[in-house]
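Have a look at data35.cif; it's mmCIF, C-alpha atoms and all ligand atoms:
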```cif
data_work
#
loop_
_atom_site.label_atom_id
_atom_site.label_comp_id
_atom_site.auth_asym_id
_atom_site.auth_seq_id
_atom_site.Cartn_x
_atom_site.Cartn_y
_atom_site.Cartn_z
CA MET S 1 -10.48 -1.38 20.14
CA SER S 2 -10.85 -1.10 16.40
CA GLY S 3 -8.03 -0.16 14.02
CA GLN S 4 -8.29 0.89 10.43
CA ILE S 5 -7.56 -1.26 7.42
CA HIS S 6 -6.88 -0.43 3.82
CA LEU S 7 -6.73 -3.30 1.35
CA GLU S 8 -4.25 -3.21 -1.54
CA PRO S 9 -5.57 -4.79 -4.75
CA ARG S 10 -3.78 -7.95 -5.83
CA ALA S 11 -1.94 -8.54 -9.06
CA ARG S 12 -0.04 -5.26 -9.11
CA VAL S 13 2.55 -7.42 -10.85
CA PRO S 14 1.78 -10.78 -12.43
CA ALA S 15 1.64 -13.51 -9.80
CA ALA S 16 4.36 -16.12 -10.15
CA VAL S 17 3.75 -18.90 -7.74
CA LEU S 18 7.15 -20.28 -6.81
CA THR S 19 9.69 -17.89 -8.18
CA GLY S 20 13.40 -18.53 -8.26
CA PHE S 21 13.57 -21.85 -6.46
CA ASP S 22 11.16 -24.18 -8.16
CA VAL S 23 11.70 -27.77 -7.07
CA SER S 24 9.31 -29.46 -9.50
CA PRO S 25 10.86 -32.63 -10.97
CA ALA S 26 11.48 -30.94 -14.31
CA PHE S 27 13.80 -28.46 -12.61
CA ALA S 28 15.20 -30.55 -9.81
CA GLY S 29 17.00 -33.11 -11.98
CA PRO S 30 18.02 -36.49 -10.63
CA SER S 31 18.27 -36.95 -6.89
CA ARG S 32 21.83 -36.81 -5.52
CA PHE S 33 20.98 -39.73 -3.23
CA LYS S 34 21.02 -43.43 -4.01
CA ALA S 35 17.53 -44.90 -4.38
CA LEU S 36 16.58 -47.85 -2.19
CA PRO S 37 14.53 -50.80 -3.46
CA MET S 38 10.78 -50.20 -3.33
CA PRO S 39 9.42 -52.31 -0.42
CA ASP S 40 6.87 -55.08 -0.95
CA LEU S 41 3.47 -53.56 -0.19
CA THR S 42 1.45 -56.74 0.37
CA TYR S 43 -0.86 -56.75 3.40
CA THR S 44 0.33 -59.84 5.29
CA ASP S 45 -0.44 -61.19 8.76
CA GLU S 46 2.95 -59.86 9.86
CA ILE S 47 2.10 -56.33 8.62
CA ALA S 48 -1.29 -56.56 10.36
CA ARG S 49 0.42 -57.55 13.62
CA LEU S 50 3.13 -54.87 13.36
CA THR S 51 0.67 -52.06 12.64
CA ALA S 52 -2.11 -53.12 15.02
CA PRO S 53 -1.08 -50.66 17.80
CA LEU S 54 -1.15 -47.81 15.27
CA TYR S 55 -4.56 -48.81 13.99
CA GLU S 56 -5.82 -48.65 17.58
CA LYS S 57 -5.04 -44.91 17.51
CA VAL S 58 -7.07 -44.21 14.38
CA LYS S 59 -9.84 -46.81 14.45
CA SER S 60 -12.44 -44.17 15.34
CA VAL S 61 -11.73 -42.27 12.09
CA ILE S 62 -10.44 -44.94 9.63
CA PRO S 63 -12.83 -47.83 8.84
CA PRO S 64 -11.36 -51.37 9.13
CA VAL S 65 -11.90 -51.96 5.42
CA GLU S 66 -9.41 -49.16 4.59
CA TRP S 67 -6.61 -50.26 6.91
CA PRO S 68 -5.17 -53.03 4.66
CA PHE S 69 -4.45 -50.32 2.08
CA HIS S 70 -2.66 -48.02 4.54
CA ALA S 71 -0.87 -50.59 6.71
CA PRO S 72 1.84 -51.77 4.24
CA TYR S 73 2.78 -48.14 3.54
CA VAL S 74 2.82 -47.31 7.25
CA ALA S 75 5.12 -50.25 8.00
CA ALA S 76 7.44 -49.49 5.05
CA ILE S 77 7.67 -45.76 5.83
CA ASN S 78 8.44 -46.34 9.50
CA ARG S 79 11.21 -48.78 8.56
CA LEU S 80 12.70 -46.50 5.86
CA LYS S 81 12.73 -43.52 8.23
CA ARG S 82 15.25 -45.38 10.36
CA GLU S 83 17.39 -46.31 7.35
CA ARG S 84 17.47 -42.73 6.10
CA ASN S 85 17.75 -41.15 9.58
CA ALA S 86 14.68 -39.13 8.61
CA VAL S 87 11.83 -37.49 10.49
CA ILE S 88 8.37 -36.81 9.16
CA LEU S 89 6.76 -33.51 10.09
CA ALA S 90 2.98 -33.55 9.79
CA HIS S 91 0.89 -30.42 9.81
CA ASN S 92 -2.38 -30.54 11.75
CA TYR S 93 -4.26 -30.71 8.41
CA GLN S 94 -2.67 -33.97 7.28
CA THR S 95 -4.87 -37.07 7.08
CA PRO S 96 -5.11 -39.31 10.18
CA GLU S 97 -3.00 -42.16 8.73
CA ILE S 98 -0.13 -39.69 8.19
CA TYR S 99 -0.66 -37.61 11.34
CA ASN S 100 -1.09 -40.54 13.73
CA CYS S 101 0.81 -43.41 12.11
CA VAL S 102 4.02 -42.16 10.45
CA ALA S 103 4.62 -38.61 11.76
CA ASP S 104 7.39 -37.97 14.29
CA MET S 105 6.35 -34.40 14.96
CA VAL S 106 2.94 -32.77 14.55
CA GLY S 107 1.83 -29.18 14.84
CA ASP S 108 1.50 -25.95 12.89
CA SER S 109 4.13 -24.98 10.33
CA LEU S 110 6.35 -22.95 12.61
CA GLN S 111 6.14 -25.41 15.50
CA LEU S 112 7.23 -28.14 13.10
CA ALA S 113 10.18 -26.26 11.67
CA ARG S 114 11.38 -25.37 15.17
CA MET S 115 10.97 -28.93 16.46
CA ALA S 116 13.02 -30.16 13.52
CA VAL S 117 15.91 -27.90 14.59
CA ALA S 118 16.18 -29.89 17.83
CA SER S 119 16.14 -33.22 15.98
CA GLU S 120 19.34 -35.05 15.02
CA ALA S 121 17.81 -36.37 11.82
CA ASP S 122 19.65 -35.83 8.54
CA VAL S 123 16.47 -35.74 6.48
CA ILE S 124 13.13 -33.97 6.99
CA VAL S 125 10.09 -35.14 5.04
CA GLN S 126 7.45 -32.41 5.16
CA GLY S 127 3.87 -33.57 5.53
CA GLY S 128 2.44 -30.23 4.50
CA VAL S 129 2.55 -27.69 1.71
CA HIS S 130 5.46 -26.07 -0.11
CA PHE S 131 5.87 -22.92 1.99
CA MET S 132 6.05 -25.12 5.10
CA ALA S 133 8.86 -27.18 3.59
CA GLU S 134 10.66 -23.95 2.75
CA THR S 135 10.28 -22.72 6.32
CA SER S 136 11.72 -26.02 7.54
CA LYS S 137 14.66 -25.57 5.15
CA LEU S 138 15.19 -21.97 6.29
CA LEU S 139 15.49 -23.07 9.92
CA ASN S 140 17.37 -26.29 9.10
CA PRO S 141 19.76 -25.22 6.34
CA HIS S 142 22.12 -28.17 6.81
CA LYS S 143 19.41 -30.83 6.67
CA THR S 144 17.92 -32.34 3.53
CA VAL S 145 14.27 -31.27 3.31
CA LEU S 146 11.96 -33.25 1.02
CA ILE S 147 8.39 -32.50 0.03
CA PRO S 148 6.49 -35.56 -1.21
CA ASP S 149 4.66 -33.47 -3.85
CA SER S 150 6.11 -30.10 -4.79
CA ARG S 151 2.77 -29.10 -6.37
CA ALA S 152 1.30 -28.84 -2.86
CA GLY S 153 0.82 -25.08 -2.88
CA CYS S 154 -1.38 -22.66 -0.94
CA SER S 155 -3.80 -19.99 -2.10
CA LEU S 156 -2.33 -17.55 0.42
CA ALA S 157 1.31 -18.16 -0.48
CA SER S 158 0.59 -17.96 -4.20
CA SER S 159 -1.30 -14.66 -3.88
CA ILE S 160 1.85 -12.58 -3.57
CA THR S 161 5.47 -12.49 -4.77
CA GLY S 162 8.62 -10.77 -3.64
CA ALA S 163 8.20 -8.35 -6.54
CA ASP S 164 4.76 -7.37 -5.17
CA VAL S 165 6.36 -6.56 -1.82
CA ARG S 166 9.00 -4.40 -3.47
CA LEU S 167 6.27 -2.44 -5.26
CA LEU S 168 4.40 -1.97 -1.99
CA ARG S 169 7.55 -0.63 -0.37
CA GLN S 170 7.88 1.90 -3.20
CA ARG S 171 4.28 2.95 -2.71
CA TYR S 172 4.52 3.20 1.09
CA PRO S 173 8.13 4.23 1.80
CA GLY S 174 9.24 3.62 5.37
CA VAL S 175 6.19 1.55 6.34
CA PRO S 176 7.29 -1.75 7.92
CA VAL S 177 6.09 -5.00 6.35
CA VAL S 178 4.87 -8.06 8.25
CA ALA S 179 4.37 -11.37 6.41
CA TYR S 180 2.28 -14.24 7.70
CA VAL S 181 4.35 -17.46 7.68
CA ASN S 182 2.05 -18.71 4.91
CA THR S 183 4.28 -17.06 2.30
CA SER S 184 7.10 -18.20 0.04
CA ALA S 185 10.76 -17.68 0.96
CA ASP S 186 10.80 -15.16 -1.90
CA VAL S 187 8.31 -13.00 0.04
CA LYS S 188 9.86 -13.63 3.46
CA ALA S 189 13.15 -12.31 2.04
CA GLU S 190 11.53 -8.95 1.27
CA VAL S 191 9.73 -8.25 4.56
CA ASP S 192 10.82 -6.99 7.97
CA ILE S 193 9.38 -9.74 10.12
CA CYS S 194 7.10 -12.77 9.94
CA CYS S 195 4.14 -13.65 12.15
CA THR S 196 1.83 -16.56 12.87
CA SER S 197 -1.90 -16.40 13.50
CA SER S 198 -1.23 -16.61 17.24
CA ASN S 199 1.30 -13.77 17.53
CA ALA S 200 0.15 -11.44 14.71
CA VAL S 201 -1.07 -8.59 16.97
CA LYS S 202 2.06 -8.77 19.11
CA VAL S 203 4.32 -8.68 16.03
CA VAL S 204 2.45 -5.72 14.50
CA GLU S 205 2.64 -3.74 17.74
CA SER S 206 6.32 -4.64 18.30
CA LEU S 207 7.30 -2.50 15.32
CA GLY S 208 6.35 0.76 17.07
CA ALA S 209 4.81 2.19 13.87
CA ASP S 210 1.40 3.81 13.44
CA THR S 211 0.95 2.04 10.07
CA VAL S 212 2.03 -1.48 9.11
CA ILE S 213 1.73 -3.43 5.86
CA PHE S 214 0.36 -6.88 6.73
CA LEU S 215 0.52 -9.63 4.08
CA PRO S 216 -1.08 -11.57 2.50
CA ASP S 217 -4.26 -12.72 4.30
CA GLN S 218 -6.96 -10.06 4.13
CA TYR S 219 -9.07 -11.79 6.80
CA LEU S 220 -6.26 -12.26 9.28
CA ALA S 221 -5.39 -8.60 8.58
CA ARG S 222 -8.97 -7.54 9.34
CA ASN S 223 -9.04 -9.64 12.50
CA VAL S 224 -5.72 -8.09 13.61
CA ALA S 225 -6.93 -4.57 12.78
CA ARG S 226 -9.84 -5.06 15.19
CA GLN S 227 -7.43 -5.72 18.04
CA THR S 228 -4.94 -2.88 17.60
CA LYS S 229 -4.77 0.87 17.07
CA VAL S 230 -2.12 0.38 14.38
CA ARG S 231 -3.42 1.21 10.89
CA ILE S 232 -3.15 -1.91 8.72
CA ILE S 233 -2.49 -1.96 5.00
CA GLY S 234 -3.56 -5.42 3.87
CA TRP S 235 -3.36 -7.51 0.72
CA ALA S 236 -6.28 -9.23 -0.97
CA GLY S 237 -5.05 -12.78 -0.42
CA SER S 238 -7.17 -15.41 1.30
CA CYS S 239 -7.19 -19.04 2.33
CA GLU S 240 -9.50 -20.89 -0.03
CA VAL S 241 -10.51 -23.25 2.79
CA HIS S 242 -11.33 -20.78 5.56
CA GLU S 243 -13.01 -18.16 3.37
CA ARG S 244 -15.70 -20.69 2.40
CA PHE S 245 -17.24 -20.75 5.89
CA THR S 246 -20.18 -18.40 6.42
CA ALA S 247 -21.79 -16.97 9.54
CA SER S 248 -25.25 -18.16 8.48
CA GLU S 249 -24.00 -21.73 8.04
CA LEU S 250 -22.53 -21.67 11.56
CA ASN S 251 -25.72 -20.19 13.00
CA GLU S 252 -27.61 -23.12 11.46
CA TYR S 253 -25.23 -25.61 13.11
CA ARG S 254 -25.70 -23.83 16.44
CA ALA S 255 -29.48 -24.01 16.13
CA ALA S 256 -29.34 -27.71 15.20
CA HIS S 257 -26.91 -28.63 18.02
CA PRO S 258 -27.85 -26.77 21.23
CA GLY S 259 -24.85 -26.34 23.55
CA ILE S 260 -22.26 -26.85 20.79
CA GLU S 261 -19.00 -24.88 21.11
CA ILE S 262 -17.82 -23.38 17.83
CA ILE S 263 -14.15 -22.49 17.49
CA ALA S 264 -12.55 -20.84 14.47
CA HIS S 265 -9.22 -20.08 12.86
CA PRO S 266 -8.52 -16.34 12.31
CA GLU S 267 -8.09 -16.91 8.56
CA CYS S 268 -11.92 -16.97 8.53
CA PRO S 269 -13.81 -13.78 7.59
CA PRO S 270 -14.54 -11.48 10.58
CA ASP S 271 -18.32 -12.08 10.47
CA VAL S 272 -17.59 -15.81 10.89
CA VAL S 273 -15.24 -15.12 13.80
CA ASP S 274 -18.00 -12.98 15.38
CA VAL S 275 -20.40 -15.92 15.72
CA CYS S 276 -17.79 -18.28 17.23
CA ASP S 277 -17.01 -18.95 20.90
CA PHE S 278 -13.25 -18.88 20.44
CA THR S 279 -10.73 -17.92 17.76
CA GLY S 280 -7.13 -19.10 17.67
CA SER S 281 -4.34 -20.74 15.71
CA THR S 282 -4.56 -24.47 14.96
CA ALA S 283 -2.42 -25.14 18.05
CA ALA S 284 -4.71 -22.95 20.20
CA MET S 285 -7.81 -24.69 18.82
CA ILE S 286 -6.38 -28.11 19.69
CA ASP S 287 -5.47 -26.87 23.16
CA TYR S 288 -9.02 -25.53 23.61
CA VAL S 289 -10.55 -28.95 22.88
CA GLN S 290 -8.01 -30.92 24.89
CA THR S 291 -8.22 -28.75 28.00
CA ARG S 292 -11.92 -27.78 28.02
CA ARG S 293 -13.25 -31.11 26.70
CA PRO S 294 -16.55 -29.68 25.39
CA LYS S 295 -19.35 -32.22 24.97
CA LYS S 296 -19.81 -31.20 21.36
CA VAL S 297 -17.55 -29.01 19.23
CA LEU S 298 -17.32 -27.66 15.71
CA MET S 299 -13.84 -26.69 14.51
CA VAL S 300 -14.10 -24.05 11.80
CA THR S 301 -10.97 -25.05 9.92
CA GLU S 302 -9.62 -27.71 7.57
CA CYS S 303 -11.54 -30.96 7.84
CA SER S 304 -8.73 -33.39 8.72
CA MET S 305 -7.84 -31.48 11.86
CA ALA S 306 -11.10 -32.51 13.51
CA ASP S 307 -10.32 -36.16 12.62
CA ASN S 308 -6.87 -35.88 14.20
CA VAL S 309 -8.11 -34.20 17.36
CA ALA S 310 -11.04 -36.65 17.57
CA ALA S 311 -8.63 -39.59 17.52
CA GLU S 312 -6.92 -38.09 20.60
CA THR S 313 -9.99 -36.92 22.53
CA PRO S 314 -12.52 -39.74 22.93
CA GLY S 315 -15.71 -38.53 24.56
CA VAL S 316 -15.85 -35.25 22.63
CA GLU S 317 -18.39 -35.25 19.81
CA PHE S 318 -17.24 -33.46 16.67
CA VAL S 319 -19.66 -31.87 14.22
CA ARG S 320 -17.80 -31.65 10.93
CA PRO S 321 -18.59 -29.29 8.07
CA CYS S 322 -15.89 -30.69 5.79
CA ASN S 323 -13.80 -28.11 3.94
CA LEU S 324 -10.71 -29.90 2.65
CA CYS S 325 -7.50 -28.20 1.54
CA PRO S 326 -6.72 -29.68 -1.90
CA HIS S 327 -3.05 -28.76 -1.52
CA MET S 328 -2.61 -30.54 1.81
CA LYS S 329 -4.36 -33.57 0.33
CA ARG S 330 -1.66 -33.91 -2.32
CA ILE S 331 0.50 -35.42 0.43
CA THR S 332 -0.30 -39.13 0.74
CA LEU S 333 1.36 -42.23 2.19
CA PRO S 334 2.46 -43.50 -1.28
CA LYS S 335 4.13 -40.15 -2.02
CA ILE S 336 5.85 -40.09 1.38
CA LEU S 337 7.17 -43.58 0.67
CA ASP S 338 8.42 -42.44 -2.76
CA ALA S 339 10.19 -39.49 -1.11
CA LEU S 340 12.06 -41.83 1.23
CA VAL S 341 12.86 -44.45 -1.41
CA TYR S 342 14.06 -42.02 -4.10
CA MET S 343 14.98 -39.05 -1.86
CA ARG S 344 13.00 -36.57 -3.93
CA GLU S 345 11.76 -33.79 -4.18
CA GLU S 346 14.38 -31.77 -2.37
CA ILE S 347 13.82 -28.16 -1.33
CA ILE S 348 16.67 -25.97 -2.61
CA ILE S 349 16.68 -22.24 -1.79
CA ASP S 350 19.21 -19.78 -3.13
CA PRO S 351 21.57 -19.15 -0.17
CA ALA S 352 21.46 -15.33 -0.44
CA LEU S 353 17.67 -15.34 -0.53
CA ALA S 354 17.53 -17.87 2.31
CA LEU S 355 19.71 -15.63 4.48
CA ARG S 356 17.27 -12.72 4.13
CA ALA S 357 14.17 -14.90 4.53
CA ARG S 358 15.60 -16.60 7.63
CA ARG S 359 16.22 -13.18 9.20
CA SER S 360 12.50 -12.34 8.99
CA VAL S 361 11.51 -15.64 10.61
CA GLN S 362 14.22 -15.38 13.26
CA ARG S 363 13.18 -11.84 14.16
CA MET S 364 9.73 -13.17 14.98
CA ILE S 365 11.14 -16.09 16.98
CA ASP S 366 13.33 -13.71 18.96
CA LEU S 367 10.24 -11.71 19.90
CA ARG S 368 8.59 -14.62 21.75
S1 LIG V 401 -5.65 -24.54 4.39
FE1 LIG V 401 -5.53 -22.55 3.39
S2 LIG V 401 -3.71 -21.56 4.28
FE2 LIG V 401 -3.57 -23.78 4.71
S3 LIG V 401 -2.38 -24.61 2.99
FE3 LIG V 401 -4.56 -24.83 2.45
S4 LIG V 401 -4.99 -22.97 1.24
FE4 LIG V 401 -3.08 -22.58 2.36
#
```
Since I need it in another form, could you write the structure as structure tokens?
Amino acid sequence: MSGQIHLEPRARVPAAVLTGFDVSPAFAGPSRFKALPMPDLTYTDEIARLTAPLYEKVKSVIPPVEWPFHAPYVAAINRLKRERNAVILAHNYQTPEIYNCVADMVGDSLQLARMAVASEADVIVQGGVHFMAETSKLLNPHKTVLIPDSRAGCSLASSITGADVRLLRQRYPGVPVVAYVNTSADVKAEVDICCTSSNAVKVVESLGADTVIFLPDQYLARNVARQTKVRIIGWAGSCEVHERFTASELNEYRAAHPGIEIIAHPECPPDVVDVCDFTGSTAAMIDYVQTRRPKKVLMVTECSMADNVAAETPGVEFVRPCNLCPHMKRITLPKILDALVYMREEIIIDPALALRARRSVQRMIDLR
């Protein structure tokens, strides 16, 4: 099956990255919470003993020489989480010391936000980028959501604004609009429904329309268009991590590693997807490795994810072309500790906008 796709040019209106609800320190003002004393961060025998079981989990991906730097932060963060009644949500692309040693919940952005709903924590610290923290806030409006570095953006989320969506609606009256969850609350408030990389085709077809506007990832849009008869109007956004992979690079890896299984995220260009053995969301890729246990695998996605899966699947050899997401890497243990000590930087979303954005996310959840 092969659908049609038309790509709308970007920058129909000037791109404004985080419109209307900027939480950068300059705008956020002082925290409304009382700061706690900054813990002593000396690496002592006691810290080594306390954190030894956690180091066991990551010793295959973190050299021993690095652990004395991480361990005092790990111990302090895990203690402060209890004091603040906080949970840490870590996206699959977070570094192993965050993902394995301080996170309470791990997964993709929507999994995390939904898991947080079931938690009785008062505070959510988002190990991930800004749109993920917003999604957590949308689904947990009565909890305090902190992002350790509000500059942690995303090339997909920043490619489009709510104003762009309104212009598209004027240009294509009556055509329903689907937004990938990798968008700001400002955009989610303007669309009919959200989708993830795992349910995108199902969401598009659920609308019962012969044409659908699908935002903002042009490659996910192309990959969806190949699986449906619905005509797709896309947007020229892309993930700066996944678009860097090339089919020829992967063919070289396959030639150099006979028998390797290559699995990709659908944010990759279609010609990359074509040379892979499997394509799926981050959660589906992890499930593939954990259930099939290939001898050797290459995960065509952000670099840290292979480290995190490797720590959990001894016996599987990972070949790692390392494309890092610079935005995800803004989140570090020292910044997570700062967030818990000073209770900053809090995600605040205008309630009227949040109501409309939450409706788009909820409509997708209700479809499952
Ligand atoms: S990996 Fe890509 S989609 Fe994910 S946060 Fe980074 S830029 Fe955005």
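In this structure, CA of Leu215 (chain S) sits 22.7 Å away from CA of Met285 (chain S).
With CA of Ser238 (chain S) on one side and CA of Phe278 (chain S) on the other, the separation reads 20.4 Å.
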Residues at most 8 Å from ligand LIG 401 (chain V), using all atoms listed in the file? Could they come as a PDB file with C-alpha atoms, in the frame of the given file?
```pdb
ATOM      1  CA  TYR S  93      -4.260 -30.710   8.410  1.00  0.00           C
ATOM      2  CA  GLY S 128       2.440 -30.230   4.500  1.00  0.00           C
ATOM      3  CA  VAL S 129       2.550 -27.690   1.710  1.00  0.00           C
ATOM      4  CA  GLY S 153       0.820 -25.080  -2.880  1.00  0.00           C
ATOM      5  CA  CYS S 154      -1.380 -22.660  -0.940  1.00  0.00           C
ATOM      6  CA  SER S 155      -3.800 -19.990  -2.100  1.00  0.00           C
ATOM      7  CA  LEU S 156      -2.330 -17.550   0.420  1.00  0.00           C
ATOM      8  CA  ALA S 157       1.310 -18.160  -0.480  1.00  0.00           C
ATOM      9  CA  ASN S 182       2.050 -18.710   4.910  1.00  0.00           C
ATOM     10  CA  SER S 238      -7.170 -15.410   1.300  1.00  0.00           C
ATOM     11  CA  CYS S 239      -7.190 -19.040   2.330  1.00  0.00           C
ATOM     12  CA  GLU S 240      -9.500 -20.890  -0.030  1.00  0.00           C
ATOM     13  CA  VAL S 241     -10.510 -23.250   2.790  1.00  0.00           C
ATOM     14  CA  HIS S 242     -11.330 -20.780   5.560  1.00  0.00           C
ATOM     15  CA  GLU S 267      -8.090 -16.910   8.560  1.00  0.00           C
ATOM     16  CA  THR S 301     -10.970 -25.050   9.920  1.00  0.00           C
ATOM     17  CA  GLU S 302      -9.620 -27.710   7.570  1.00  0.00           C
ATOM     18  CA  LEU S 324     -10.710 -29.900   2.650  1.00  0.00           C
ATOM     19  CA  CYS S 325      -7.500 -28.200   1.540  1.00  0.00           C
ATOM     20  CA  PRO S 326      -6.720 -29.680  -1.900  1.00  0.00           C
ATOM     21  CA  HIS S 327      -3.050 -28.760  -1.520  1.00  0.00           C
ATOM     22  CA  MET S 328      -2.610 -30.540   1.810  1.00  0.00           C
TER      23      MET S 328
END
```
Near region 110-117 of chain S, 10 Å: region 134-229 of chain S residue rows, closest pairs, all atoms listed in the file, as a tab-separated table:
```
residue	atom	partner	partner_atom	distance
S:Glu134	CA	S:Ala113	CA	9.2
S:Thr135	CA	S:Ala113	CA	6.4
S:Ser136	CA	S:Ala113	CA	4.4
S:Lys137	CA	S:Ala113	CA	7.9
S:Leu138	CA	S:Ala113	CA	8.5
S:Leu139	CA	S:Ala113	CA	6.4
S:Asn140	CA	S:Val117	CA	5.9
S:Pro141	CA	S:Val117	CA	9.5
S:His142	CA	S:Val117	CA	10.0
S:Lys143	CA	S:Val117	CA	9.1
S:Val181	CA	S:Leu110	CA	7.6
S:Asn182	CA	S:Leu110	CA	9.8
S:Cys195	CA	S:Leu110	CA	9.6
S:Thr196	CA	S:Leu110	CA	7.8
```
Top pick for closest residue to Val300 (chain S), considering S:Ser281, S:Thr51, S:Thr332, S:Gln94 and counting only C-alpha atoms: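 Looking only at the distances to Val300 (chain S), the closest residue turns out to be S:Ser281.
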Counting all atoms listed in the file, what is within 8 Å of Ala90 (chain S), bar same-chain residues fewer than 6 positions away, as a compact mmCIF listing (two decimals) with C-alpha atoms, in the frame of the given file?
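out-v8.txt, written as the output of this step:
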```txt
# COMPACT_ATOMS: atom_id res chain seq x y z
CA ILE S 98 -0.13 -39.69 8.19
CA TYR S 99 -0.66 -37.61 11.34
CA ALA S 103 4.62 -38.61 11.76
CA ASP S 104 7.39 -37.97 14.29
CA MET S 105 6.35 -34.40 14.96
CA VAL S 106 2.94 -32.77 14.55
CA GLY S 107 1.83 -29.18 14.84
CA LEU S 112 7.23 -28.14 13.10
CA GLN S 126 7.45 -32.41 5.16
CA GLY S 127 3.87 -33.57 5.53
CA GLY S 128 2.44 -30.23 4.50
```
Straight-line distance linking CA of Phe318 (chain S) with CA of Gly280 (chain S), stated in Å to one decimal: 17.6 Å
Within 9 Å of region 54-66 of chain S using only C-alpha atoms, minus same-chain residues under 6 positions, as JSON, numbers by chain: {"S": [74, 96, 97, 100, 101, 307, 308, 310, 311, 312, 314]}
Pick from S:Asn251, S:Asn223, S:Ser158, S:Thr211, whichever lies nearest to Gly237 (chain S) using only C-alpha atoms: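 Nearest candidate to Gly237 (chain S) out of S:Asn251, S:Asn223, S:Ser158, S:Thr211: S:Ser158.
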For Arg356 (chain S), the nearest of the candidates S:His6, S:Lys296, S:Lys188, S:Lys202, counting only C-alpha atoms: S:Lys188
Expected residue set, 7 Å radius at (-5.5, -5.8, 4.0), only C-alpha atoms, as a ChimeraX atom specification: /S:5-8,214,218,221-222,232-236
Write out, as a tab-separated table, each residue of region 283-349 of chain S that has an atom at most 12 Å from region 258-262 of chain S, together with the closest pair of atoms and their distance in Å to one decimal, counting only C-alpha atoms, rows going by chain and rising number.
```
residue	atom	partner	partner_atom	distance
S:Met285	CA	S:Ile262	CA	10.1
S:Tyr288	CA	S:Glu261	CA	10.3
S:Val289	CA	S:Glu261	CA	9.5
S:Arg292	CA	S:Glu261	CA	10.3
S:Arg293	CA	S:Glu261	CA	10.2
S:Pro294	CA	S:Glu261	CA	6.9
S:Lys295	CA	S:Ile260	CA	7.4
S:Lys296	CA	S:Ile260	CA	5.0
S:Val297	CA	S:Glu261	CA	4.8
S:Leu298	CA	S:Ile262	CA	4.8
S:Met299	CA	S:Ile262	CA	6.1
S:Val300	CA	S:Ile262	CA	7.1
S:Thr301	CA	S:Ile262	CA	10.6
S:Val316	CA	S:Ile260	CA	10.7
S:Glu317	CA	S:Ile260	CA	9.3
S:Phe318	CA	S:Ile260	CA	9.3
S:Val319	CA	S:Ile260	CA	8.7
S:Arg320	CA	S:Ile262	CA	10.8
S:Pro321	CA	S:Ile262	CA	11.4
```
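Between Ile349 (chain S) and the residues S:Thr44, S:Thr313, S:Ser184, S:Asn85, the shortest atom-to-atom distance, using only C-alpha atoms, involves S:Ser184.
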Top pick for closest residue to Ala71 (chain S), considering S:Gln290, S:Thr42, S:Thr228, S:Gln4 and counting all atoms listed in the file: S:Thr42
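Remark: for Val361 (chain S), the closest of the candidate residues S:Asp122, S:Glu83, S:Glu190, S:Asp45 is S:Glu190 (distances computed over only C-alpha atoms).
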Point (5.4, -2.3, 1.2), cut-off 10 Å, counting only C-alpha atoms, residues as JSON, numbers by chain: {"S": [164, 165, 166, 167, 168, 169, 170, 171, 172, 173, 174, 175, 176, 177, 178, 190, 191, 192, 212, 213, 214, 215, 233, 234]}
Fewer than 6 positions away in the same chain doesn't count, so skip those; otherwise give me all residues within 10 Å of Ala339 (chain S), counting only C-alpha atoms, as a PDB file with C-alpha atoms, in the coordinates of the input.
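Once everything was written out, this is selection-v3.pdb:
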```pdb
ATOM      1  CA  ALA S  35      17.530 -44.900  -4.380  1.00  0.00           C
ATOM      2  CA  ILE S  77       7.670 -45.760   5.830  1.00  0.00           C
ATOM      3  CA  VAL S 125      10.090 -35.140   5.040  1.00  0.00           C
ATOM      4  CA  GLN S 126       7.450 -32.410   5.160  1.00  0.00           C
ATOM      5  CA  LEU S 146      11.960 -33.250   1.020  1.00  0.00           C
ATOM      6  CA  ILE S 147       8.390 -32.500   0.030  1.00  0.00           C
ATOM      7  CA  PRO S 148       6.490 -35.560  -1.210  1.00  0.00           C
ATOM      8  CA  ASP S 149       4.660 -33.470  -3.850  1.00  0.00           C
ATOM      9  CA  LEU S 333       1.360 -42.230   2.190  1.00  0.00           C
ATOM     10  CA  GLU S 345      11.760 -33.790  -4.180  1.00  0.00           C
ATOM     11  CA  GLU S 346      14.380 -31.770  -2.370  1.00  0.00           C
TER      12      GLU S 346
END
```
Given 5 Å on each side, where is the centre and what are the edge lengths in Å to one decimal of the axis-aligned box enclosing the listed atoms of region 295-309 of chain S, as JSON?
```
{"center_x": -13.3, "center_y": -30.1, "center_z": 16.3, "size_x": 22.9, "size_y": 22.1, "size_z": 27.4}
```
Output region 98-102 of chain S as an mmCIF file, in the frame of the given file, making sure N, CA and C atoms are there.
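Output contents, as saved in part28.cif:
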```cif
data_model
loop_
_atom_site.group_PDB
_atom_site.id
_atom_site.type_symbol
_atom_site.label_atom_id
_atom_site.label_comp_id
_atom_site.auth_asym_id
_atom_site.auth_seq_id
_atom_site.Cartn_x
_atom_site.Cartn_y
_atom_site.Cartn_z
ATOM 1 N N ILE S 98 -1.445 -40.346 8.191
ATOM 2 C CA ILE S 98 -0.130 -39.690 8.190
ATOM 3 C C ILE S 98 0.139 -39.108 9.580
ATOM 4 N N TYR S 99 -0.829 -38.350 10.072
ATOM 5 C CA TYR S 99 -0.660 -37.610 11.340
ATOM 6 C C TYR S 99 -0.407 -38.559 12.510
ATOM 7 N N ASN S 100 -1.156 -39.658 12.561
ATOM 8 C CA ASN S 100 -1.090 -40.540 13.730
ATOM 9 C C ASN S 100 -0.168 -41.742 13.564
ATOM 10 N N CYS S 101 0.142 -42.109 12.316
ATOM 11 C CA CYS S 101 0.810 -43.410 12.110
ATOM 12 C C CYS S 101 2.228 -43.329 11.567
ATOM 13 N N VAL S 102 2.621 -42.232 10.924
ATOM 14 C CA VAL S 102 4.020 -42.160 10.450
ATOM 15 C C VAL S 102 4.734 -40.883 10.910
#
```
